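Read the structure below first, then the notes.
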Amino acid sequence: MDPGSIDAIARLARLDLDDDAKQRVQAELDAILETFRTLADVDVEGVPPLFHVGDPVGRPREDEPFDGASRDEILRNAPATRDGCYEVPRVLE
Amino acid sequence: MSGAAYESVIGLEVHVQLATRTKLFCGCLNVYGADANTNVCSVCTGQPGALPVLNGFALELAVRAGLALGCAIASRTKFDRKNYFYPDLPKGYQISQLERPVNGEGSLRFVNEAGEERVVRIARAHLEEDAGKTMHPDGDRSSLVDLNRAGIPLLEIVSAPDLRTPQEAYRYLTELKRRLRYARVSECDMEKGSLRCDANVSIRPAGATELGTRTEIKNLNSFRNVERALAHEIERQTAVVEEGGSVVQETRTWREDEERTETLRSKEEAEDYRYFPDPDLPEFELEEERVDAIRAALPEMPDVKRARYVGSLGIPEATADVLTADRDAAEWFDACVAALPDGGDAKGVANAVTGVVLALANDQGVSIADLRLTPERLVEVVGLVDDGTISRQAARKVIAELDAGDEAPAEVVERLGLAQVSDEDALGATVDEVIAAQEKVVEDYRGGNENALNALVGGVMKATKGKANPQLARELLIRRLGGAGG
Amino acid sequence: MSGPSPAFRSAVALRDDALAGKLRVAEIVEETLARVARTEPTIDAFLHVDADGARARAEELDRRVAAGEASGRLFGVPIAVKDNICTRSMPTTCGSRMLEGYLPPYDAHVVERLLAEGAVLIGKTNCDEFGMGSSTENSAFKPTRNPHDPTRVPGGSSGGSAAAVAAGVVPLALGTDTGGSIRQPASLCGVVGFKPTYGAVSRRGLVAFASSLDQIGPFGASVLDVAHLASALAGHDPHDSTSAAFEPPDYASLLSRSVDGLRLGVHEDFLEKIKDAGVKERLRAAVRQLRDAGARIVRLDDLDFLTRVGIPTYYLVATAEASANLARYDGMRYGPREEAADLAATYARTRGARFGDEVRRRILLGTFALRAGHKDAYYERACKVRRLVQRAFAAAFERVDLMIGGTSPVAAFPLGRNVTDPVTMYRCDALTVPASLAGLPAASVPCGRTAEGLPVGLQILGPPRADAEVLSCASAFEQLSGRFGDLAPLAVEAAAEGDDA
């Protein structure tokens with residue numbers, strides 16, 4: 001994995017990494033990916049991917065309201081609120 | 001203008017909020033205009049550990065929309081996570097559908113601005129959850145987020161790039177909205193955000209088959225603005241190409257105040273959404289019997305209705321257009337037709353619905369379906385006009401009265417004394433008085449002035465305070481004065 | 001102290017005494033809190049102890065006894081809950097600075113069930129941050145120590161829960177298992193741990209690490225206790241779309257004393273190929289015991305596939321899911337926010353500073369695996385191999401009733417040894433991830449100790465929904481081995497001092 005990819009991935013994942021961390025992580029991910037090479041040898045031709053190991057078909061619910069939470073309960077954990085809203089750094093439009 | 005040298009290629013992505021009681025994946029209410037963050041729960045605010053459960057009615061509405069658009073309905077549908085960061089997206093991903101949308105390909109038929117029938121292909125129509133709302137108080141360093149809207153079910157309807165002019169785009173949207181409202185899938189109210197539209201547009205030399213580089217336009221808040229923004233964007237792209245430049249793939253925003261589009265973000269900044277199947281949601285089956293049942297319950301679609309009105313009821317096309325613009329109006333009219341006696345005056349009823357009843361509903365700001373006036377009563381009123389009991393003028397009054405109370409039409413006519421004087425003897429005396437009093441006019445008439453007769457009819461109407469049957473008054477005048485010009 | 005001391009007594013005994021009014025719940029709670037005070041300085045199993053809440057709950061339960069209205073499968077039983085399970089009454093941090101001080105607006109489904117069965121919540125236990133780790137050293141707050149040897153790790157990620165049971169603080173605790181996070185610490189701490197079939201227990205309120213793998217399950221000193229708690233936890237929850245549509249039986253009533261005629265599959269990777277001689281010796285002895293008791297031991301030669309692909313498949317699937325599951329931690333709606341120049345910088349700084357090394361590593365790995373251009377070769381391929389893993393197990397379970405082998409290739413290792421080497425740490429999961437990938441029920445039961453006195457666990461796996469069969473076999477083995485929990489020296493010593501060892 002090249003340094004460019006680490007930057008791109010860190011940006012996609014919204015993770016600040018200083019240069020030290022970046023180098024360390026890159027070495028670690030390289031080592032991890034190296035051990036993952038065994039997967040490339042497995043013949044998966046015609047094998048459908050498995051995404052769920054539980055019941056394969058779900059049952060939708062009725063369109064009935066059920067209790068939500070109060071605004072206070074939801075907002076009490078927020079780092080900043082104003083006028084019943086979450087207050088966040090300015091979003092540029 | 002060198003417009004003829006280029007043709008534009010347009011595709012529309014339309015998001016409609018589905019008319020469910022509750023949100024797509026939780027039991028919070030799907031309503032508009034509540035106080036900020038009062039319709040929220042652990043699920044739609046993305047609390048740690050909260051899990052989605054699919055609203056079965058949202059799935060049904062999606063299928064209903066698909067059927068109304070002639071889409072192939074998936075036998076199994078599944079949900080994927082679309083990953084991106086935004087403060088109005090509580091989980092850091094949106095639950096959407098990539099690989100197996102509820103609805104596959106379909107098509108929408110409409111008449112374009114040139115009067116030609118057009119068929120535009122629908123590429124897909126999939127379910128996804130809405131995001132919250134971000135507000136930007138002016139001059140403030142921070143933005144405010146309200147998550148009431150987060151999790152409301154959306155259907156994203158993606159057209160193929162089959163549209164060729166901004167006017168066509170406008171017509172497509174109008175027809176799409178009409179069909180979705182007929183199917184009771186969505187309110188499709190752009191002002192309330194229950195219908196939103198993004199447009200993709202490119203240009204190419206007329207006759208070329210390859211697609212040019214497209215731009216996407218966002219922030220379109222009315223069908224007229226879609227049309228306008230597209231026209232401006234096509235003009236801009238044409239200018240770029242004609243000056244030897246090339247169009248850059250990017251997302252642009254419509255600045256209504258300045259009547260232009262401007263760059264929002266370039267392709268390089270475009271996100272990699274890293275879609276993958278949502279492990280919290282298994283697949284969902286849409287059994288054939290269930291889809292058939294939804295199909296059977298669909299109402300007659302507007303194009304079919306219109307053809308029936310014009311073809312078998314003999315209603316003028318313009319009137320049929322007005323009647324079918326809205327499902328409530330059409331169904332109200334259908335109920336009138338059902339109440340009409342054999343050989344009844346469907347055209348007269350149609351005129352009354354479009355000319356009087358819709359205006360009445362409009363004045364009150366309600367749907368025609370919510371009027372107190374019933375289709376049966378309207379049919380009675382039209383019957384009274386047809387048999388000469390009341391005038392068209394009086395009919396308006398009767399209709400308004402019927403909507404205000406519980407009387408029968410005949411009672412209203414009686415109470416307000418609106419019955420026309422259709423008795424020849426009674427009217428004859430008045431006609432004689434008018435002839436005697438207006439010698440000059442009578443002379444004009446005899447001298448060949450046709451308009452003078454109208455003045456005399458007016459005189460009779462005035463003398464009877466509008467109660468005379470104008471048709472009969474005219475006949476009696478002609479009979480007494482002899483033909484025009486004597 | 002009046003009556004028998006609650007410490008080291010089984011949950012079932014405590015419950016029966018509490019229901020009968022022989023032991024007040026208040027006494028159980030006081031004894032438990034005293035035990036917490038005595039062990040925590042050494043073990044550090046808890047992130048939060050709710051003494052006031054537990055006392056209030058005890059009063060309420062004692063009133064019910066007085067009113068003749070007491071009932072519940074877990075009545076009066078003190079239970080510790082892993083800190084990645086949401087509790088209204090206590091903070092839920094997942095061992096992360098990202099959720100410091102977070103107080104959930106709701107109780108997890110399992111917490112509702114515990115309360116409905118009369119349990120007393122004692123506190124929240126330490127874990128690797130968001131369940132990511134195999135030693136509990138990845139907790140942002142502190143490491144937990146193994147009660148058998150406090151210089152060693154308790155395993156992870158549910159190390160706090162395993163240690164709390166092993167130290168005799170609580171008879172039962174909740175853990176979560178994504179790739180072995182219940183079984184491996186159970187093995188390293190000498191207690192019984194059970195991961196139910198995927199979907200048997202609702203995940204609502206379990207803070208997701210990898211949604212298609214995560215399961216909540218019990219820790220206890222005995223299989224009987226674990227079976228009681230497992231039954232109380234299991235059952236359909238309409239608010240979890242992946243919750244199975246079956247009603248599980250009462251596991252405790254189905255526990256067997258016999259393995260006679262049971263076909264038990266063994267693969268060399270889970271036994272003979274284990275490098276640690278002490279661990280291997282205990283496992284061999286366990287297999288002999290089972291064979292001597294009438295079980296038919298069947299060699300499964302064609303399953304080396306499972307251990308070869310298990311780790312990469314698991315880590316690709318788990319990290320891909322985690323990269324999305326952990327996207328919600330952005331400092332906007334909950335958790336602390338690291339202020340920065342603008343929105344994008346605030347996201348990156350908050351996430352960069354508040355997530356620990358291992359979490360960041362896994363988010364990056366998962367983001368990489370899902371990235372355009374890499375998704376087919378990594379995430380999609382892993383999901384296909386996952387199908388092959390499921391098929392391999394299905395084929396094996398046509399020949400055998402259950403599979404047995406080691407839970408962990410190593411016994412408890414010293415703190416700090418593996419924490420800087422992710423590849424070595426990931427290998428600790430080699431024997432537990434295959435069952436996770438296929439969603440199988442799996443238990444770890446103590447099967448003796450190494451020469452150094454460190455516990456070894458025997459893993460028992462079954463086909464999907466064979467939870468009762470797995471627990472039954474575990475119970476039979478427990479009878480054979482004569483061990484009912486293998487509590488820590490600290491525990492044994494304390495028990496000897498008590499009235500009712």
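Each chain in the structure tokens gets a letter, A, B, ..., in the order shown, and its residues are numbered from 1; ligands are numbered from 1 in order too.
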Determine which residues of chain C sit within 6 Å of chain B, taking into account only C-alpha atoms, and present them as a CSV table (one decimal) with N, CA and C atoms, in the first residue's frame.
```csv
chain,number,residue,atom,x,y,z
C,204,ARG,N,-30.2,-5.5,19.5
C,204,ARG,CA,-30.6,-4.2,19.7
C,204,ARG,C,-29.9,-3.6,21.0
C,205,GLY,N,-29.2,-2.6,20.9
C,205,GLY,CA,-28.5,-2.0,22.0
C,205,GLY,C,-27.1,-2.6,22.2
C,206,LEU,N,-26.7,-3.5,21.4
C,206,LEU,CA,-25.3,-4.0,21.4
C,206,LEU,C,-24.6,-3.0,20.4
C,207,VAL,N,-23.7,-2.2,20.9
C,207,VAL,CA,-23.0,-1.3,20.0
C,207,VAL,C,-22.2,-2.0,19.0
C,208,ALA,N,-22.6,-1.8,17.7
C,208,ALA,CA,-22.1,-2.7,16.6
C,208,ALA,C,-20.6,-2.5,16.4
C,211,SER,N,-21.7,-6.1,12.3
C,211,SER,CA,-23.1,-6.5,12.6
C,211,SER,C,-23.4,-7.9,12.2
C,212,SER,N,-22.8,-8.5,11.1
C,212,SER,CA,-23.1,-9.8,10.7
C,212,SER,C,-22.4,-10.9,11.5
C,241,SER,N,-33.9,-6.8,12.9
C,241,SER,CA,-34.3,-7.5,11.7
C,241,SER,C,-33.5,-8.8,11.5
C,327,ALA,N,-18.7,5.0,11.6
C,327,ALA,CA,-18.8,6.3,11.0
C,327,ALA,C,-19.6,7.3,11.8
C,328,ARG,N,-20.5,6.7,12.6
C,328,ARG,CA,-21.4,7.6,13.3
C,328,ARG,C,-20.7,8.4,14.5
C,370,LEU,N,-13.2,-1.8,1.1
C,370,LEU,CA,-14.5,-1.4,0.4
C,370,LEU,C,-14.3,-0.4,-0.7
C,371,ARG,N,-13.0,0.1,-0.8
C,371,ARG,CA,-12.7,1.2,-1.7
C,371,ARG,C,-13.0,0.7,-3.1
```
- Task: Mind checking which residues fall within 10 Å of region 61-68 of chain A, counting only C-alpha atoms, ignoring those fewer than 3 positions away in the same chain, and posting them as number ranges by chain?
- Result: A: 58, 71, 74; B: 20-30, 38-44, 53-58; C: 105-106, 238-239, 241
- Residues of chain A within 8 Å of chain C, counting only C-alpha atoms, as a PyMOL selection string: chain A and resi 9-17+25+28-29+31-32+35-36+38-40+42+44+47-55+58-59+61+69+73-75+77-80+86-91
- Enumerate the residues of region 12-87 of chain A with a DSSP assignment of strand (DSSP E), computed from the backbone, and present them as a ChimeraX atom specification. /A:81-82,85-87
Output of the above residues as a short mmCIF file (atom, residue, chain, number, x, y, z; two decimals), in the first residue's frame, restricted to C-alpha atoms:
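Saved result, again.cif, follows:
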```cif
data_model
loop_
_atom_site.label_atom_id
_atom_site.label_comp_id
_atom_site.auth_asym_id
_atom_site.auth_seq_id
_atom_site.Cartn_x
_atom_site.Cartn_y
_atom_site.Cartn_z
CA THR A 81 -27.14 22.26 20.96
CA ARG A 82 -29.18 25.37 20.18
CA CYS A 85 -31.10 21.45 17.26
CA TYR A 86 -27.66 19.95 17.17
CA GLU A 87 -25.16 22.73 16.76
#
```
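You will find CA of Leu154 (chain B) at 9.2 Å from CA of Leu195 (chain B).
Each of B:Arg164, B:Arg260, B:Arg214, B:Arg204 was checked against Glu242 (chain B) using only C-alpha atoms; the smallest atom-to-atom distance is that of B:Arg204.
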- alpha helix (DSSP H) positions in chain A, given as a PyMOL selection string: chain A and resi 3-12+19-35+71-75
- If we count only C-alpha atoms, what is near Leu172 (chain C) at a cut-off of 8 Å, once residues fewer than 2 positions away on the same chain are taken out, given as a PyMOL selection string? chain C and resi 11+77-80+165+170+174+218-221+225-226+229
Given the selection you just returned, output its residues as a file containing C-alpha atoms, formatted as an mmCIF file, in the first residue's frame.
```
data_model
loop_
_atom_site.group_PDB
_atom_site.id
_atom_site.type_symbol
_atom_site.label_atom_id
_atom_site.label_comp_id
_atom_site.auth_asym_id
_atom_site.auth_seq_id
_atom_site.Cartn_x
_atom_site.Cartn_y
_atom_site.Cartn_z
ATOM 1 C CA ALA C 11 -26.678 -18.006 40.214
ATOM 2 C CA VAL C 77 -28.806 -12.467 40.772
ATOM 3 C CA PRO C 78 -26.067 -9.843 40.419
ATOM 4 C CA ILE C 79 -24.939 -9.520 36.821
ATOM 5 C CA ALA C 80 -22.170 -7.512 35.200
ATOM 6 C CA VAL C 165 -16.789 -14.003 36.992
ATOM 7 C CA VAL C 170 -20.550 -11.945 40.053
ATOM 8 C CA LEU C 174 -22.789 -10.543 29.675
ATOM 9 C CA PRO C 218 -23.246 -15.242 28.856
ATOM 10 C CA PHE C 219 -20.270 -15.927 31.106
ATOM 11 C CA GLY C 220 -20.641 -18.002 34.242
ATOM 12 C CA ALA C 221 -18.826 -20.290 36.578
ATOM 13 C CA ASP C 225 -25.787 -20.962 35.259
ATOM 14 C CA VAL C 226 -24.748 -20.083 31.731
ATOM 15 C CA LEU C 229 -28.778 -16.868 31.383
#
```
- Long-range neighbours of region 430-432 of chain B as a ChimeraX atom specification, 8 Å cut-off, only C-alpha atoms, 6 positions minimum in chain: /B:460,463-464,473,476-477
Same residues, C-alpha atoms, output as a short mmCIF file (atom, residue, chain, number, x, y, z; two decimals), in the first residue's frame:
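Wrote selection_26.cif, looks like this:
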```cif
data_model
loop_
_atom_site.label_atom_id
_atom_site.label_comp_id
_atom_site.auth_asym_id
_atom_site.auth_seq_id
_atom_site.Cartn_x
_atom_site.Cartn_y
_atom_site.Cartn_z
CA VAL B 460 -86.63 41.16 -19.87
CA ALA B 463 -87.49 43.30 -15.36
CA THR B 464 -87.71 39.78 -13.91
CA ALA B 473 -87.59 35.31 -23.54
CA LEU B 476 -91.10 35.18 -27.37
CA LEU B 477 -89.46 38.41 -28.54
#
```
- Message: Just checking: using only C-alpha atoms, which residue out of A:Leu92, A:Ile6, A:Leu33, A:Val57 ends up closest to chain B?
- Response: A:Val57
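The gap separating CA of Ala412 (chain C) from CA of Cys127 (chain C) is 15.8 Å, in Å to one decimal.
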- Item | Neighbour list for Pro470 (chain B) as number ranges by chain, cut-off 10 Å, only C-alpha atoms, skip fewer than 6 positions in-chain | B: 388, 391, 420-422, 454, 457-458, 460-461, 476
- Please provide as a list in words all residues within 7 Å of Asp107 (chain C), with the sequence filter that same-chain residues fewer than 2 positions apart are discarded (counting only C-alpha atoms). Cys86, Thr87, Arg88, His109, Val111, Glu112 and Gly205 of chain C
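Between Ala8 (chain A) and the candidates B:Gly344, B:Glu475, B:Glu271, B:Val434, the tightest atom-to-atom separation, counting only C-alpha atoms, involves B:Glu271.
The residue that comes closest to chain A, out of B:Ala395, B:Ala335, B:Ala410, B:Leu18 and on the basis of only C-alpha atoms, is B:Leu18.
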- Which neighbours of Arg306 (chain B) fall inside 12 Å, counting only C-alpha atoms, when residues of the same chain fewer than 3 positions from it are skipped, and could you give them as a ChimeraX atom specification? /B:300-303,309-327,330-331,333-334
Could you dump the residues just selected with N, CA and C atoms as a short mmCIF file (atom, residue, chain, number, x, y, z; two decimals), in the first residue's frame?
```cif
data_model
loop_
_atom_site.label_atom_id
_atom_site.label_comp_id
_atom_site.auth_asym_id
_atom_site.auth_seq_id
_atom_site.Cartn_x
_atom_site.Cartn_y
_atom_site.Cartn_z
N GLU B 300 -57.32 3.62 -11.94
CA GLU B 300 -57.15 3.88 -13.36
C GLU B 300 -56.16 5.04 -13.49
N MET B 301 -55.15 4.89 -14.32
CA MET B 301 -54.13 5.93 -14.44
C MET B 301 -54.64 7.09 -15.31
N PRO B 302 -54.08 8.28 -15.15
CA PRO B 302 -54.65 9.48 -15.79
C PRO B 302 -54.74 9.41 -17.31
N ASP B 303 -53.75 8.80 -17.97
CA ASP B 303 -53.81 8.76 -19.44
C ASP B 303 -54.99 7.92 -19.92
N TYR B 309 -62.62 9.69 -21.11
CA TYR B 309 -63.47 10.89 -21.04
C TYR B 309 -63.70 11.45 -22.45
N VAL B 310 -62.61 11.53 -23.21
CA VAL B 310 -62.73 12.11 -24.54
C VAL B 310 -63.47 11.15 -25.46
N GLY B 311 -63.09 9.89 -25.41
CA GLY B 311 -63.64 8.90 -26.33
C GLY B 311 -65.09 8.54 -26.06
N SER B 312 -65.39 8.04 -24.87
CA SER B 312 -66.75 7.55 -24.69
C SER B 312 -67.69 8.57 -24.04
N LEU B 313 -67.16 9.61 -23.41
CA LEU B 313 -68.07 10.59 -22.81
C LEU B 313 -68.20 11.86 -23.64
N GLY B 314 -67.36 11.97 -24.67
CA GLY B 314 -67.47 13.13 -25.56
C GLY B 314 -67.07 14.45 -24.91
N ILE B 315 -66.17 14.36 -23.96
CA ILE B 315 -65.73 15.57 -23.25
C ILE B 315 -64.58 16.21 -24.02
N PRO B 316 -64.58 17.52 -24.17
CA PRO B 316 -63.49 18.17 -24.90
C PRO B 316 -62.14 17.90 -24.23
N GLU B 317 -61.11 17.84 -25.06
CA GLU B 317 -59.78 17.46 -24.54
C GLU B 317 -59.30 18.39 -23.43
N ALA B 318 -59.52 19.68 -23.62
CA ALA B 318 -59.04 20.63 -22.62
C ALA B 318 -59.71 20.38 -21.26
N THR B 319 -61.01 20.10 -21.30
CA THR B 319 -61.74 19.81 -20.06
C THR B 319 -61.24 18.50 -19.44
N ALA B 320 -61.00 17.51 -20.30
CA ALA B 320 -60.51 16.21 -19.82
C ALA B 320 -59.15 16.39 -19.15
N ASP B 321 -58.31 17.28 -19.69
CA ASP B 321 -57.00 17.54 -19.08
C ASP B 321 -57.16 18.08 -17.67
N VAL B 322 -58.08 19.03 -17.53
CA VAL B 322 -58.28 19.62 -16.21
C VAL B 322 -58.80 18.56 -15.23
N LEU B 323 -59.75 17.76 -15.70
CA LEU B 323 -60.35 16.76 -14.81
C LEU B 323 -59.33 15.73 -14.36
N THR B 324 -58.40 15.35 -15.24
CA THR B 324 -57.49 14.26 -14.90
C THR B 324 -56.18 14.76 -14.28
N ALA B 325 -56.05 16.07 -14.15
CA ALA B 325 -54.80 16.58 -13.58
C ALA B 325 -54.63 16.09 -12.15
N ASP B 326 -55.75 15.85 -11.50
CA ASP B 326 -55.71 15.49 -10.10
C ASP B 326 -56.64 14.30 -9.87
N ARG B 327 -56.15 13.32 -9.14
CA ARG B 327 -56.94 12.10 -8.97
C ARG B 327 -58.25 12.37 -8.24
N ALA B 330 -60.76 13.78 -10.68
CA ALA B 330 -61.21 12.78 -11.64
C ALA B 330 -62.17 11.79 -10.97
N GLU B 331 -61.84 11.41 -9.77
CA GLU B 331 -62.70 10.43 -9.09
C GLU B 331 -64.03 11.06 -8.68
N PHE B 333 -65.44 13.38 -10.40
CA PHE B 333 -66.19 13.42 -11.66
C PHE B 333 -66.73 12.02 -12.01
N ASP B 334 -65.90 11.00 -11.76
CA ASP B 334 -66.36 9.63 -12.03
C ASP B 334 -67.60 9.30 -11.21
#
```
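The shortest atom-to-atom distance to Ala239 (chain B), with only C-alpha atoms taken into account, belongs to B:Ile203 out of B:Ile203, B:Ala429, B:Asp35, B:Asp423.
For the atom pair formed by CA of Pro441 (chain C) and CA of Pro463 (chain C), the distance is 6.9 Å, given to one decimal.
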- Shortest contact to chain A, candidates B:Ala19, B:Cys71, B:Leu360, B:Leu180, atoms counted only C-alpha atoms, goes to B:Ala19
